[in-house]
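Structure data follow from input_11.cif (mmCIF, N, CA and C atoms and all ligand atoms):
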data_data
#
loop_
_atom_site.label_atom_id
_atom_site.label_comp_id
_atom_site.auth_asym_id
_atom_site.auth_seq_id
_atom_site.Cartn_x
_atom_site.Cartn_y
_atom_site.Cartn_z
N MET A 1 -39.85 1.54 74.42
CA MET A 1 -39.45 0.26 73.83
C MET A 1 -38.12 0.43 73.10
N LEU A 2 -37.24 -0.47 73.34
CA LEU A 2 -35.91 -0.38 72.74
C LEU A 2 -35.86 -1.19 71.45
N ALA A 3 -35.61 -0.51 70.37
CA ALA A 3 -35.55 -1.21 69.08
C ALA A 3 -34.10 -1.47 68.72
N VAL A 4 -33.80 -2.66 68.40
CA VAL A 4 -32.44 -3.02 67.99
C VAL A 4 -32.42 -3.17 66.47
N GLN A 5 -31.63 -2.35 65.82
CA GLN A 5 -31.58 -2.36 64.36
C GLN A 5 -30.56 -3.40 63.87
N ALA A 6 -30.91 -4.65 64.07
CA ALA A 6 -29.97 -5.71 63.75
C ALA A 6 -29.64 -5.79 62.27
N THR A 7 -30.56 -5.31 61.43
CA THR A 7 -30.34 -5.47 60.00
C THR A 7 -29.87 -4.17 59.35
N ALA A 8 -29.55 -3.17 60.17
CA ALA A 8 -29.23 -1.86 59.62
C ALA A 8 -28.02 -1.89 58.69
N LEU A 9 -27.08 -2.77 58.95
CA LEU A 9 -25.87 -2.78 58.15
C LEU A 9 -25.91 -3.81 57.03
N ALA A 10 -27.00 -4.55 56.97
CA ALA A 10 -27.09 -5.58 55.93
C ALA A 10 -27.34 -4.96 54.57
N GLU A 11 -27.00 -5.69 53.53
CA GLU A 11 -27.21 -5.21 52.18
C GLU A 11 -28.70 -5.20 51.84
N PRO A 12 -29.10 -4.34 50.87
CA PRO A 12 -30.48 -4.40 50.41
C PRO A 12 -30.78 -5.78 49.82
N VAL A 13 -32.02 -6.22 50.03
CA VAL A 13 -32.42 -7.54 49.55
C VAL A 13 -33.58 -7.40 48.57
N VAL A 14 -33.45 -8.02 47.42
CA VAL A 14 -34.51 -8.01 46.41
C VAL A 14 -34.88 -9.45 46.11
N GLU A 15 -36.18 -9.71 46.03
CA GLU A 15 -36.63 -11.09 45.85
C GLU A 15 -37.14 -11.35 44.43
N ILE A 16 -36.77 -12.49 43.90
CA ILE A 16 -37.34 -12.99 42.65
C ILE A 16 -38.09 -14.27 42.99
N VAL A 17 -39.36 -14.30 42.58
CA VAL A 17 -40.19 -15.48 42.86
C VAL A 17 -40.17 -16.38 41.63
N ILE A 18 -39.95 -17.66 41.85
CA ILE A 18 -40.01 -18.63 40.76
C ILE A 18 -41.34 -19.36 40.86
N GLN A 19 -42.16 -19.14 39.83
CA GLN A 19 -43.50 -19.71 39.85
C GLN A 19 -43.94 -19.98 38.42
N LYS A 20 -44.62 -21.09 38.22
CA LYS A 20 -45.12 -21.46 36.89
C LYS A 20 -44.01 -21.42 35.85
N MET A 21 -42.85 -21.96 36.24
CA MET A 21 -41.71 -22.08 35.33
C MET A 21 -41.21 -20.74 34.82
N ARG A 22 -41.32 -19.71 35.66
CA ARG A 22 -40.83 -18.39 35.26
C ARG A 22 -40.14 -17.71 36.44
N PHE A 23 -39.11 -16.92 36.10
CA PHE A 23 -38.52 -16.02 37.07
C PHE A 23 -39.35 -14.73 37.06
N GLN A 24 -39.84 -14.34 38.22
CA GLN A 24 -40.70 -13.16 38.29
C GLN A 24 -40.14 -12.16 39.29
N PRO A 25 -39.66 -10.98 38.89
CA PRO A 25 -39.61 -10.53 37.50
C PRO A 25 -38.47 -11.21 36.73
N GLN A 26 -38.64 -11.23 35.42
CA GLN A 26 -37.62 -11.85 34.57
C GLN A 26 -36.40 -10.94 34.45
N ASN A 27 -36.68 -9.63 34.33
CA ASN A 27 -35.59 -8.65 34.26
C ASN A 27 -35.63 -7.79 35.51
N LEU A 28 -34.47 -7.68 36.15
CA LEU A 28 -34.42 -6.96 37.42
C LEU A 28 -33.20 -6.05 37.44
N THR A 29 -33.41 -4.80 37.86
CA THR A 29 -32.30 -3.86 38.00
C THR A 29 -32.10 -3.56 39.48
N ILE A 30 -30.85 -3.67 39.93
CA ILE A 30 -30.52 -3.47 41.34
C ILE A 30 -29.29 -2.58 41.46
N LYS A 31 -29.03 -2.13 42.66
CA LYS A 31 -27.81 -1.39 42.95
C LYS A 31 -26.70 -2.36 43.34
N ALA A 32 -25.48 -2.02 42.98
CA ALA A 32 -24.34 -2.85 43.36
C ALA A 32 -24.33 -3.05 44.87
N GLY A 33 -24.03 -4.26 45.29
CA GLY A 33 -24.02 -4.59 46.71
C GLY A 33 -25.33 -5.17 47.20
N SER A 34 -26.33 -5.25 46.31
CA SER A 34 -27.63 -5.81 46.71
C SER A 34 -27.58 -7.33 46.67
N LYS A 35 -28.38 -7.91 47.54
CA LYS A 35 -28.54 -9.36 47.55
C LYS A 35 -29.83 -9.72 46.84
N VAL A 36 -29.74 -10.65 45.90
CA VAL A 36 -30.94 -11.15 45.24
C VAL A 36 -31.27 -12.52 45.81
N VAL A 37 -32.51 -12.67 46.23
CA VAL A 37 -32.98 -13.95 46.75
C VAL A 37 -33.97 -14.54 45.75
N TRP A 38 -33.66 -15.74 45.25
CA TRP A 38 -34.60 -16.47 44.39
C TRP A 38 -35.37 -17.44 45.27
N LYS A 39 -36.69 -17.31 45.23
CA LYS A 39 -37.53 -18.18 46.07
C LYS A 39 -38.36 -19.09 45.17
N ASN A 40 -38.24 -20.37 45.38
CA ASN A 40 -39.04 -21.34 44.63
C ASN A 40 -40.44 -21.37 45.24
N ALA A 41 -41.44 -20.90 44.47
CA ALA A 41 -42.82 -20.83 44.95
C ALA A 41 -43.73 -21.71 44.12
N GLU A 42 -43.18 -22.75 43.52
CA GLU A 42 -44.01 -23.68 42.75
C GLU A 42 -44.97 -24.42 43.68
N SER A 43 -46.14 -24.78 43.16
CA SER A 43 -47.10 -25.52 43.99
C SER A 43 -46.81 -27.02 43.95
N GLY A 44 -46.15 -27.48 42.90
CA GLY A 44 -45.80 -28.90 42.82
C GLY A 44 -44.44 -29.16 43.42
N ALA A 45 -43.77 -30.19 42.95
CA ALA A 45 -42.46 -30.54 43.49
C ALA A 45 -41.33 -30.15 42.55
N THR A 46 -41.60 -29.17 41.69
CA THR A 46 -40.63 -28.79 40.66
C THR A 46 -39.43 -28.09 41.26
N TYR A 47 -38.25 -28.59 40.96
CA TYR A 47 -37.05 -27.91 41.44
C TYR A 47 -36.43 -27.09 40.32
N HIS A 48 -35.72 -26.07 40.74
CA HIS A 48 -35.09 -25.14 39.81
C HIS A 48 -33.68 -24.84 40.29
N SER A 49 -32.94 -24.13 39.45
CA SER A 49 -31.65 -23.61 39.88
C SER A 49 -31.41 -22.27 39.20
N VAL A 50 -30.36 -21.60 39.62
CA VAL A 50 -29.99 -20.29 39.09
C VAL A 50 -28.55 -20.39 38.63
N VAL A 51 -28.34 -20.29 37.32
CA VAL A 51 -27.01 -20.52 36.75
C VAL A 51 -26.64 -19.34 35.85
N SER A 52 -25.51 -18.72 36.12
CA SER A 52 -25.04 -17.64 35.26
C SER A 52 -24.75 -18.16 33.86
N ASP A 53 -25.11 -17.35 32.85
CA ASP A 53 -24.77 -17.72 31.47
C ASP A 53 -23.26 -17.68 31.26
N SER A 54 -22.58 -16.81 32.01
CA SER A 54 -21.12 -16.78 31.98
C SER A 54 -20.61 -17.82 32.96
N GLU A 55 -19.94 -18.80 32.46
CA GLU A 55 -19.59 -19.96 33.28
C GLU A 55 -18.82 -19.57 34.54
N GLY A 56 -19.30 -20.08 35.66
CA GLY A 56 -18.58 -19.92 36.91
C GLY A 56 -18.88 -18.68 37.71
N LEU A 57 -19.64 -17.72 37.15
CA LEU A 57 -19.91 -16.49 37.91
C LEU A 57 -20.76 -16.77 39.14
N PHE A 58 -21.85 -17.48 38.93
CA PHE A 58 -22.66 -17.94 40.07
C PHE A 58 -23.49 -19.13 39.62
N GLN A 59 -23.74 -20.01 40.57
CA GLN A 59 -24.51 -21.22 40.27
C GLN A 59 -25.07 -21.79 41.55
N SER A 60 -26.37 -21.94 41.59
CA SER A 60 -27.00 -22.52 42.78
C SER A 60 -27.12 -24.02 42.62
N PRO A 61 -27.33 -24.72 43.71
CA PRO A 61 -27.79 -26.11 43.58
C PRO A 61 -29.26 -26.10 43.16
N ASP A 62 -29.79 -27.26 42.80
CA ASP A 62 -31.23 -27.36 42.58
C ASP A 62 -31.94 -27.09 43.90
N PHE A 63 -33.02 -26.30 43.86
CA PHE A 63 -33.76 -26.10 45.11
C PHE A 63 -35.26 -26.26 44.89
N PHE A 64 -35.91 -26.75 45.92
CA PHE A 64 -37.30 -27.20 45.84
C PHE A 64 -38.26 -26.12 46.36
N PRO A 65 -39.56 -26.31 46.16
CA PRO A 65 -40.55 -25.35 46.67
C PRO A 65 -40.33 -25.05 48.15
N ASP A 66 -40.47 -23.77 48.48
CA ASP A 66 -40.26 -23.22 49.82
C ASP A 66 -38.79 -23.12 50.19
N GLU A 67 -37.91 -23.43 49.23
CA GLU A 67 -36.49 -23.19 49.45
C GLU A 67 -36.07 -21.98 48.62
N SER A 68 -34.95 -21.40 49.00
CA SER A 68 -34.46 -20.24 48.26
C SER A 68 -32.94 -20.28 48.18
N TRP A 69 -32.43 -19.41 47.34
CA TRP A 69 -30.98 -19.29 47.18
C TRP A 69 -30.67 -17.81 46.93
N SER A 70 -29.56 -17.33 47.41
CA SER A 70 -29.26 -15.90 47.25
C SER A 70 -27.83 -15.67 46.79
N PHE A 71 -27.64 -14.50 46.19
CA PHE A 71 -26.32 -14.11 45.71
C PHE A 71 -26.20 -12.60 45.82
N VAL A 72 -25.04 -12.12 46.27
CA VAL A 72 -24.80 -10.68 46.37
C VAL A 72 -24.02 -10.22 45.14
N PHE A 73 -24.56 -9.24 44.44
CA PHE A 73 -23.92 -8.71 43.22
C PHE A 73 -23.12 -7.47 43.59
N GLN A 74 -21.80 -7.60 43.56
CA GLN A 74 -20.93 -6.48 43.96
C GLN A 74 -20.54 -5.61 42.77
N GLN A 75 -20.41 -6.22 41.60
CA GLN A 75 -19.87 -5.50 40.44
C GLN A 75 -20.99 -5.06 39.49
N PRO A 76 -21.00 -3.77 39.11
CA PRO A 76 -21.96 -3.32 38.10
C PRO A 76 -21.78 -4.11 36.81
N GLY A 77 -22.88 -4.34 36.12
CA GLY A 77 -22.80 -5.08 34.86
C GLY A 77 -24.13 -5.74 34.55
N SER A 78 -24.09 -6.55 33.52
CA SER A 78 -25.27 -7.23 33.02
C SER A 78 -25.07 -8.73 33.23
N TYR A 79 -26.00 -9.36 33.92
CA TYR A 79 -25.82 -10.76 34.31
C TYR A 79 -26.99 -11.63 33.84
N PRO A 80 -26.92 -12.13 32.61
CA PRO A 80 -27.94 -13.07 32.17
C PRO A 80 -27.75 -14.43 32.85
N TYR A 81 -28.86 -15.09 33.13
CA TYR A 81 -28.79 -16.39 33.79
C TYR A 81 -29.95 -17.26 33.31
N HIS A 82 -29.90 -18.52 33.70
CA HIS A 82 -30.96 -19.46 33.33
C HIS A 82 -31.13 -20.48 34.43
N CYS A 83 -32.17 -21.28 34.28
CA CYS A 83 -32.40 -22.39 35.20
C CYS A 83 -31.72 -23.63 34.63
N GLY A 84 -30.95 -24.33 35.44
CA GLY A 84 -30.22 -25.51 34.97
C GLY A 84 -31.12 -26.56 34.35
N PRO A 85 -32.15 -27.04 35.07
CA PRO A 85 -33.02 -28.08 34.51
C PRO A 85 -33.93 -27.60 33.37
N HIS A 86 -34.16 -26.29 33.27
CA HIS A 86 -35.09 -25.77 32.25
C HIS A 86 -34.45 -24.63 31.48
N ALA A 87 -33.27 -24.89 30.95
CA ALA A 87 -32.43 -23.82 30.39
C ALA A 87 -33.10 -23.09 29.22
N THR A 88 -33.84 -23.82 28.40
CA THR A 88 -34.41 -23.16 27.22
C THR A 88 -35.68 -22.39 27.56
N LYS A 89 -36.37 -22.79 28.62
CA LYS A 89 -37.63 -22.15 29.00
C LYS A 89 -37.45 -20.98 29.95
N MET A 90 -36.49 -21.13 30.86
CA MET A 90 -36.42 -20.19 31.98
C MET A 90 -35.12 -19.41 31.94
N GLN A 91 -35.27 -18.13 31.61
CA GLN A 91 -34.12 -17.24 31.56
C GLN A 91 -34.44 -15.94 32.28
N GLY A 92 -33.39 -15.29 32.75
CA GLY A 92 -33.56 -14.03 33.44
C GLY A 92 -32.35 -13.15 33.26
N LEU A 93 -32.50 -11.90 33.68
CA LEU A 93 -31.40 -10.94 33.53
C LEU A 93 -31.36 -10.03 34.75
N ILE A 94 -30.18 -9.96 35.38
CA ILE A 94 -29.95 -9.02 36.47
C ILE A 94 -29.06 -7.90 35.93
N THR A 95 -29.52 -6.66 36.06
CA THR A 95 -28.70 -5.51 35.70
C THR A 95 -28.28 -4.83 36.99
N VAL A 96 -26.96 -4.70 37.17
CA VAL A 96 -26.44 -4.11 38.41
C VAL A 96 -25.88 -2.73 38.10
N GLU A 97 -26.46 -1.73 38.75
CA GLU A 97 -26.03 -0.34 38.56
C GLU A 97 -25.07 0.06 39.66
N PRO A 98 -24.16 0.98 39.36
CA PRO A 98 -23.18 1.43 40.37
C PRO A 98 -23.89 2.08 41.57
CU CU B 1 -36.39 -24.38 36.35
#

Kindly transcribe the structure held in the file into structure tokens.
Amino acid sequence: MLAVQATALAEPVVEIVIQKMRFQPQNLTIKAGSKVVWKNAESGATYHSVVSDSEGLFQSPDFFPDESWSFVFQQPGSYPYHCGPHATKMQGLITVEP
């Protein structure tokens, strides 16, 4: 059987699940060049977004259950973020290592 490694050159992917008004995990450490996928897994119709605390670094549109949004972190550093509609309740932190 011939296996085609179509994803061999793709960046590592790490998933954050959004459920019960929380980013899970809330704090995540990744290697530079990794892609983070936020997946809305709410059971209701609650929409969320992913917004960098530092203005303009990254910002998703609002996305609904069973939708997701992703961002590739190229630069090492500390990236706090929040949910646009639930800024005071929902916060997270991505730490990017070299
Ligand atoms: Cu939210």

Compute the set of protein, DNA and RNA residues whose minimum atom distance to ligand CU 1 (chain B) is at most 8 Å, using all atoms listed in the file, and state it as a list in words.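 Those residues are Met21, Arg22, Phe23, Thr46, Tyr47, His48, Ser49, Val50, His82, Cys83, Gly84, Pro85, His86, Ala87, Lys89, Met90 and Gln91 of chain A.
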
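Going from atom CA of Phe58 of chain A over to atom CA of Val37 of chain A, you cover 12.9 Å.
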
Atom pair atom CA of Ser54 of chain A / atom N of Ala10 of chain A: separation (Å):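 If I compute the distance from atom CA of Ser54 of chain A to atom N of Ala10 of chain A, I get 28.4 Å.
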
Provide the atom CA of Gln74 of chain A to atom CA of Lys39 of chain A distance in Å, to one decimal place.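 Spanning atom CA of Gln74 of chain A to atom CA of Lys39 of chain A is a straight-line distance of 20.4 Å.
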
Tell me which of A:Pro80, A:Phe71, A:Glu97, A:Ala32 sits closest to Glu15 of chain A, counting only C-alpha atoms.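 Counting only C-alpha atoms, the residue closest to Glu15 of chain A is A:Phe71.
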